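Student: The file below is structure.txt, compact mmCIF, C-alpha atoms:
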```txt
# COMPACT_ATOMS: atom_id res chain seq x y z
CA GLY A 401 119.88 -57.95 51.39
CA ASP A 402 117.49 -59.99 49.26
CA ALA A 403 115.32 -60.56 52.30
CA ASN A 404 115.15 -56.81 52.92
CA ASP A 405 114.30 -56.17 49.27
CA PHE A 406 111.53 -58.77 49.39
CA ALA A 407 110.06 -57.22 52.55
CA THR A 408 110.12 -53.80 50.87
CA PHE A 409 108.39 -55.28 47.82
CA LEU A 410 105.63 -56.69 50.03
CA LYS A 411 105.17 -53.32 51.73
CA THR A 412 104.90 -51.29 48.54
CA ASP A 413 104.24 -53.16 45.30
CA ALA A 414 102.88 -56.60 46.14
CA ARG A 415 99.27 -55.93 45.15
CA LYS A 416 100.26 -54.11 41.96
CA HIS A 417 102.14 -57.16 40.74
CA GLY A 418 99.43 -59.65 41.64
CA TYR A 419 101.18 -61.12 44.67
CA ALA A 420 98.00 -60.60 46.68
CA ASP A 421 94.53 -61.48 45.43
CA SER A 422 93.16 -57.97 45.32
CA LYS A 423 92.44 -55.27 42.78
CA SER A 424 93.59 -52.62 45.21
CA ASP A 425 96.89 -50.82 44.72
CA ASP A 426 97.32 -50.40 48.46
CA SER A 427 100.15 -52.13 50.29
CA LEU A 428 99.53 -55.32 52.23
CA SER A 429 98.12 -55.01 55.71
CA THR A 430 100.52 -55.43 58.61
CA SER A 431 98.99 -58.80 59.48
CA THR A 432 99.31 -60.13 55.93
CA LEU A 433 102.84 -58.79 55.57
CA ARG A 434 104.01 -60.42 58.77
CA LYS A 435 102.34 -63.70 57.85
CA ARG A 436 104.24 -63.79 54.53
CA LEU A 437 107.52 -63.06 56.30
CA GLN A 438 106.73 -65.66 58.95
CA ILE A 439 106.42 -68.33 56.26
CA CYS A 440 109.75 -67.24 54.78
CA LYS A 441 111.37 -67.39 58.20
CA GLN A 442 110.06 -70.92 58.70
CA PHE A 443 111.48 -72.14 55.39
CA PHE A 444 114.91 -70.71 56.09
CA ALA A 445 114.83 -71.97 59.68
CA ASP A 446 114.43 -75.48 58.30
CA ALA A 447 117.36 -74.89 55.94
CA LEU A 448 119.39 -73.67 58.91
CA ASP A 449 118.52 -76.82 60.87
CA HIS A 450 119.78 -78.91 57.94
CA LYS A 451 123.01 -76.84 57.85
CA LEU A 452 122.33 -75.71 54.29
CA ILE A 453 122.84 -72.07 55.32
CA GLU A 454 124.77 -70.39 58.12
CA GLU A 455 122.10 -67.91 59.21
CA ASN A 456 118.44 -67.11 58.65
CA PRO A 457 118.15 -63.94 56.53
CA PHE A 458 114.62 -63.33 57.86
CA ARG A 459 115.59 -63.61 61.53
CA ARG A 460 115.36 -59.86 62.19
CA PHE A 461 111.82 -59.37 60.90
CA LYS A 462 108.88 -59.14 63.27
CA THR A 463 106.46 -61.91 62.33
CA ALA A 464 104.05 -61.94 65.27
CA THR A 465 100.67 -61.25 63.71
CA PRO A 466 98.89 -58.32 65.41
CA ALA A 467 95.17 -58.52 65.94
CA ASN A 468 93.08 -56.35 63.63
CA ARG A 469 90.27 -55.26 65.92
CA GLN A 470 88.83 -52.90 63.29
CA LYS A 471 87.11 -55.95 61.80
CA ASP A 472 85.31 -56.82 65.04
CA PHE A 473 81.56 -57.15 64.68
CA PHE A 474 78.95 -58.29 67.19
CA ILE A 475 75.99 -60.34 65.96
CA THR A 476 72.91 -59.66 68.08
CA ASP A 477 70.14 -62.10 68.93
CA ALA A 478 67.76 -60.12 66.71
CA MET A 479 70.11 -60.59 63.77
CA SER A 480 70.41 -64.28 64.60
CA GLU A 481 66.64 -64.73 64.41
CA LYS A 482 66.57 -63.26 60.90
CA ILE A 483 69.52 -65.37 59.77
CA LEU A 484 68.05 -68.59 61.15
CA ALA A 485 64.77 -67.86 59.40
CA ALA A 486 66.69 -67.49 56.12
CA CYS A 487 68.61 -70.77 56.48
CA PRO A 488 67.48 -73.28 53.80
CA ASN A 489 67.62 -76.42 55.95
CA ILE A 490 68.32 -77.81 59.43
CA ASP A 491 71.99 -78.37 58.61
CA TRP A 492 72.56 -74.68 57.99
CA LYS A 493 70.56 -73.73 61.06
CA LEU A 494 72.77 -76.04 63.11
CA ILE A 495 75.95 -74.73 61.51
CA TYR A 496 74.87 -71.26 62.52
CA VAL A 497 74.00 -72.01 66.16
CA LEU A 498 77.14 -74.10 66.61
CA CYS A 499 79.20 -71.09 65.52
CA ARG A 500 77.15 -68.35 67.20
CA TYR A 501 76.09 -70.02 70.45
CA GLN A 502 78.61 -72.84 70.96
CA ALA A 503 81.56 -70.77 69.67
CA LEU A 504 82.84 -73.62 67.50
CA ARG A 505 85.43 -73.05 64.80
CA ASN A 506 84.03 -73.47 61.31
CA PRO A 507 84.45 -75.63 59.33
CA SER A 508 87.04 -77.71 61.23
CA GLU A 509 85.19 -78.24 64.52
CA VAL A 510 81.65 -78.01 63.15
CA LEU A 511 82.12 -80.64 60.43
CA ASN A 512 84.01 -83.00 62.76
CA LEU A 513 81.21 -83.07 65.34
CA LYS A 514 79.63 -86.54 65.59
CA TRP A 515 76.43 -87.76 67.18
CA SER A 516 78.55 -89.92 69.49
CA ASP A 517 80.03 -86.66 70.84
CA ILE A 518 76.66 -85.55 72.21
CA LEU A 519 76.07 -86.42 75.87
CA TRP A 520 72.32 -85.90 76.00
CA ASP A 521 71.85 -86.77 79.68
CA ASN A 522 74.48 -84.26 80.82
CA ARG A 523 73.63 -81.63 78.18
CA GLN A 524 77.27 -81.62 77.12
CA MET A 525 79.24 -82.20 73.93
CA THR A 526 82.79 -83.29 73.24
CA VAL A 527 84.46 -81.13 70.59
CA TYR A 528 87.39 -82.35 68.51
CA SER A 529 89.67 -79.55 67.35
CA PRO A 530 92.04 -80.40 64.48
CA LYS A 531 93.72 -77.02 64.97
CA LEU A 532 94.84 -77.98 68.49
CA ALA A 533 95.42 -81.71 67.91
CA HIS A 534 99.20 -81.30 67.86
CA HIS A 535 99.15 -79.85 71.40
CA GLU A 536 99.20 -82.30 74.27
CA ASN A 537 95.74 -82.81 75.82
CA LYS A 538 94.22 -80.09 73.62
CA ALA A 539 92.63 -82.12 70.83
CA TYR A 540 89.35 -82.58 72.73
CA ARG A 541 87.37 -80.37 75.04
CA VAL A 542 83.96 -80.65 76.71
CA GLN A 543 81.46 -77.82 76.72
CA PRO A 544 77.83 -77.45 77.79
CA ILE A 545 75.06 -77.55 75.23
CA PHE A 546 73.60 -74.09 75.63
CA PRO A 547 69.82 -73.53 75.57
CA GLN A 548 70.00 -71.70 72.23
CA THR A 549 71.55 -74.77 70.60
CA LEU A 550 69.55 -77.62 72.13
CA PRO A 551 66.29 -77.35 70.10
CA PHE A 552 68.17 -77.26 66.78
CA LEU A 553 70.32 -80.20 67.85
CA GLU A 554 67.22 -82.21 68.75
CA ALA A 555 65.55 -81.31 65.44
CA ALA A 556 68.64 -82.38 63.50
CA PHE A 557 68.74 -85.66 65.43
CA ASP A 558 65.10 -86.38 64.53
CA GLU A 559 65.85 -85.78 60.84
CA ALA A 560 69.15 -87.68 60.78
CA PRO A 561 69.09 -90.98 58.84
CA GLU A 562 69.62 -94.22 60.72
CA GLY A 563 73.28 -94.82 61.43
CA ALA A 564 74.37 -91.26 60.65
CA GLU A 565 77.85 -90.55 62.02
CA TYR A 566 78.33 -86.81 61.58
CA ILE A 567 75.89 -84.18 62.80
CA ILE A 568 76.29 -82.09 59.64
CA SER A 569 75.53 -84.50 56.80
CA ARG A 570 75.54 -81.99 53.94
CA TYR A 571 78.39 -79.72 52.84
CA ARG A 572 81.07 -82.26 53.75
CA ASP A 573 82.70 -82.00 50.34
CA GLN A 574 86.00 -80.13 50.49
CA SER A 575 84.88 -78.06 47.51
CA ALA A 576 81.87 -76.70 49.41
CA ASN A 577 82.44 -73.02 50.11
CA LEU A 578 80.53 -72.41 53.34
CA ARG A 579 81.48 -68.74 53.47
CA THR A 580 79.96 -68.04 50.04
CA GLN A 581 76.77 -69.87 50.97
CA PHE A 582 76.59 -68.13 54.34
CA THR A 583 76.96 -64.74 52.64
CA LYS A 584 73.91 -65.53 50.50
CA ILE A 585 71.93 -66.53 53.59
CA VAL A 586 72.80 -63.29 55.40
CA ARG A 587 71.76 -61.25 52.38
CA ARG A 588 68.54 -63.24 52.11
CA ALA A 589 67.88 -62.26 55.72
CA GLY A 590 68.07 -58.61 54.69
CA LEU A 591 71.41 -57.99 56.38
CA LYS A 592 74.82 -56.91 55.17
CA ILE A 593 77.58 -59.46 55.54
CA TRP A 594 80.28 -58.47 58.00
CA GLU A 595 84.01 -59.12 57.80
CA LYS A 596 85.40 -62.38 59.19
CA PRO A 597 81.88 -63.84 59.32
CA PHE A 598 82.51 -67.09 61.20
CA ILE A 599 85.24 -65.70 63.47
CA ASN A 600 82.94 -62.88 64.56
CA LEU A 601 80.16 -65.38 65.29
CA ARG A 602 82.56 -67.14 67.63
CA ALA A 603 83.82 -63.86 69.09
CA SER A 604 80.26 -62.67 69.77
CA ARG A 605 79.53 -65.73 71.89
CA ILE A 606 82.84 -65.57 73.73
CA SER A 607 82.20 -61.92 74.58
CA GLU A 608 78.79 -62.85 76.00
CA LEU A 609 80.08 -65.82 78.00
CA CYS A 610 82.90 -63.78 79.55
CA ASP A 611 80.23 -61.53 81.07
CA GLN A 612 78.56 -64.54 82.70
CA PHE A 613 81.34 -66.95 83.67
CA PRO A 614 84.97 -66.75 84.87
CA THR A 615 87.33 -66.27 81.94
CA HIS A 616 89.29 -69.47 82.62
CA VAL A 617 86.03 -71.43 82.29
CA VAL A 618 85.16 -69.76 78.97
CA ASN A 619 88.70 -70.40 77.71
CA ASP A 620 88.33 -74.11 78.47
CA TRP A 621 84.98 -74.29 76.70
CA ALA A 622 86.18 -72.35 73.65
CA GLY A 623 89.56 -74.04 73.40
CA HIS A 624 92.00 -71.14 73.50
CA SER A 625 94.28 -69.30 75.91
CA GLU A 626 93.54 -66.10 77.83
CA ARG A 627 96.02 -64.23 75.64
CA VAL A 628 94.29 -65.35 72.43
CA SER A 629 90.90 -64.51 73.92
CA GLN A 630 91.95 -60.94 74.68
CA LEU A 631 93.79 -60.39 71.40
CA HIS A 632 91.27 -61.84 68.98
CA TYR A 633 87.85 -62.52 70.48
CA ARG A 634 86.60 -60.50 73.43
CA GLN A 635 84.87 -57.31 72.33
CA THR A 636 83.83 -54.13 74.10
CA LEU A 637 80.14 -53.78 73.34
CA PRO A 638 77.69 -50.85 73.48
CA GLU A 639 75.85 -52.59 76.31
CA HIS A 640 78.99 -52.40 78.44
CA PHE A 641 78.84 -48.60 78.21
CA GLU A 642 75.10 -48.61 78.91
CA ARG A 643 75.55 -50.76 82.01
CA ALA A 644 78.38 -48.53 83.20
CA VAL A 645 76.53 -45.21 82.95
CA ASN A 646 73.28 -46.64 84.32
CA ALA A 647 74.82 -48.64 87.14
CA THR A 648 73.46 -48.13 90.67
CA LEU A 649 76.21 -47.12 93.07
CA HIS A 650 75.94 -49.03 96.32
CA VAL A 651 77.35 -46.50 98.77
CA ALA A 652 75.78 -45.34 101.98
CA ASP A 653 74.38 -41.81 101.89
CA LEU A 654 75.86 -40.91 98.51
CA SER A 655 74.60 -37.37 98.91
CA ARG A 656 77.21 -36.59 101.55
CA PHE A 657 79.89 -36.76 98.84
CA CYS A 658 78.02 -34.14 96.85
CA ARG A 659 77.45 -31.62 99.67
CA CYS A 660 80.89 -30.21 100.40
CA GLU A 661 80.46 -27.57 103.06
CA ALA A 662 83.22 -25.11 103.88
CA LEU A 663 85.17 -25.85 107.04
CA PRO A 664 87.10 -23.44 109.20
CA SER A 665 90.68 -22.95 108.07
CA ASP A 666 91.97 -24.36 111.35
CA ALA A 667 89.83 -27.52 111.16
CA GLU A 668 91.78 -30.73 111.76
CA PRO A 669 91.34 -33.31 109.02
CA TYR A 670 90.49 -36.87 110.01
CA PHE A 671 92.58 -39.74 108.74
CA ALA A 672 91.64 -43.39 108.68
CA HIS A 673 95.00 -44.78 109.61
CA GLU A 674 98.23 -43.26 110.76
CA LYS A 675 100.21 -45.58 108.47
CA THR A 676 98.92 -43.87 105.31
CA PRO A 677 100.96 -40.64 105.17
CA ASP A 678 100.81 -40.56 101.35
CA LEU A 679 97.06 -39.99 101.55
CA GLN A 680 97.19 -37.14 104.03
CA GLY A 681 97.63 -34.56 101.31
CA LEU A 682 94.19 -35.49 99.99
CA ALA A 683 92.47 -34.48 103.22
CA ALA A 684 92.46 -30.75 102.52
CA VAL A 685 91.65 -29.20 99.16
CA GLY A 686 92.40 -25.49 98.79
CA SER A 687 92.70 -22.98 101.58
CA ASP A 688 89.26 -21.37 101.48
CA GLN A 689 87.14 -24.45 100.76
CA GLN A 690 88.51 -27.37 102.76
CA LEU A 691 86.89 -30.79 102.54
CA HIS A 692 86.74 -33.01 105.54
CA GLY A 693 88.94 -36.12 105.01
CA TRP A 694 87.10 -39.45 105.08
CA SER A 695 88.18 -42.91 106.10
CA LEU A 696 89.08 -45.28 103.25
CA LEU A 697 88.28 -48.12 105.62
CA ASP A 698 84.86 -46.78 106.57
CA SER A 699 82.57 -49.79 107.01
CA ASN A 700 79.69 -47.82 105.46
CA GLN A 701 81.45 -47.52 102.08
```
Take the structure I supplied and represent it as structure tokens, if you would.
Tutor:
Amino acid sequence: GDANDFATFLKTDARKHGYADSKSDDSLSTSTLRKRLQICKQFFADALDHKLIEENPFRRFKTATPANRQKDFFITDAMSEKILAACPNIDWKLIYVLCRYQALRNPSEVLNLKWSDILWDNRQMTVYSPKLAHHENKAYRVQPIFPQTLPFLEAAFDEAPEGAEYIISRYRDQSANLRTQFTKIVRRAGLKIWEKPFINLRASRISELCDQFPTHVVNDWAGHSERVSQLHYRQTLPEHFERAVNATLHVADLSRFCRCEALPSDAEPYFAHEKTPDLQGLAAVGSDQQLHGWSLLDSNQ
């Protein structure tokens, strides 16, 4: 009963009583609510394992965090040019391209990247992911150094002091708030900061790469599963609609599908294969205006 009361409190009054860091009186979002309950479930699961309790009072609550796609935002190349021009130094330029064009997680993967991880001859880099280190064979992955990243990486290497270990030398202090600094850079570029700034940089690149390479390849490079990619990263972009409506249809004599001449009522429809009886009803449309059936296996289509 206490667990139910607590869940109700989170749904209705949490923000009013300062449980969430917000001035809004609205209830917690579904994602935040489920995350809170997930933590509670984990605590009581541990107590259950230690036989301190007989059952987990949070066992019935759904704690799988749904993806909030309303916060999706795509960062264009034109926006990237403005942001890069507003970056104060080569470190920030590199942080940006590593997030936007290498799809690295920031700060964990970006700040852990070392010069020894760069394979210049192969144009590849080895990425260490603390988030995935507890999974077998997932701590490291290899990805190509994309053309958008290479010139900034070379410039940073030229400026790096002798014996430098990490690629990003500044902002390594745990107290450094990269999001706050990045917000200032975006505003300096004359743009409005979007929600989930670094996640959407990563998502923008993943969406682009999935249009160019097989998804399993992109998943390996980005270090996540297909399910996570679909739930949290891949976006439907305006250019997808533009390509769809402007696509050239490669069919022979397309005009013959548009000119539907009336056939005599006793005309025999033509079927491609006698083993497709379910399609035979499609051969004739109406009684006055019959369309000649066409072969689904026509080599010209």
Student: Would you mind telling me which residue in A:Thr412, A:Thr463, A:Ser607, A:Gln581 lies nearest to Pro488 in chain A when using all atoms listed in the file?
Tutor: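 Of A:Thr412, A:Thr463, A:Ser607, A:Gln581, the one nearest Pro488 in chain A is A:Gln581, counting all atoms listed in the file.
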Student: Find the residues near Ala464 in chain A: any atom within 8 Å, counting all atoms listed in the file, skip ones fewer than 6 places away on the same chain, and give them as a count of residues only.
Tutor: 3
Student: Name the closest residue to Arg570 in chain A among the candidates A:Met479, A:Ala467, A:Leu494, A:Leu428; distances are taken between atoms, counting all atoms listed in the file.
Tutor: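 Using all atoms listed in the file, the shortest distance to Arg570 in chain A belongs to A:Leu494.
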Student: Near Asn456 in chain A, counting only C-alpha atoms, which residues have an atom at most 6 Å away, once you skip same-chain residues fewer than 2 positions from it, shown as JSON, numbers by chain?
Tutor: {"A": [444, 458, 459]}
Student: List every protein, DNA or RNA residue that has an atom no more than 12 Å from (66.7, -83.5, 62.9) in the file's coordinate frame, counting only C-alpha atoms, and report them as an MDAnalysis selection string.
Tutor: chainID A and resid 489:494 515 550:562 564 567:569
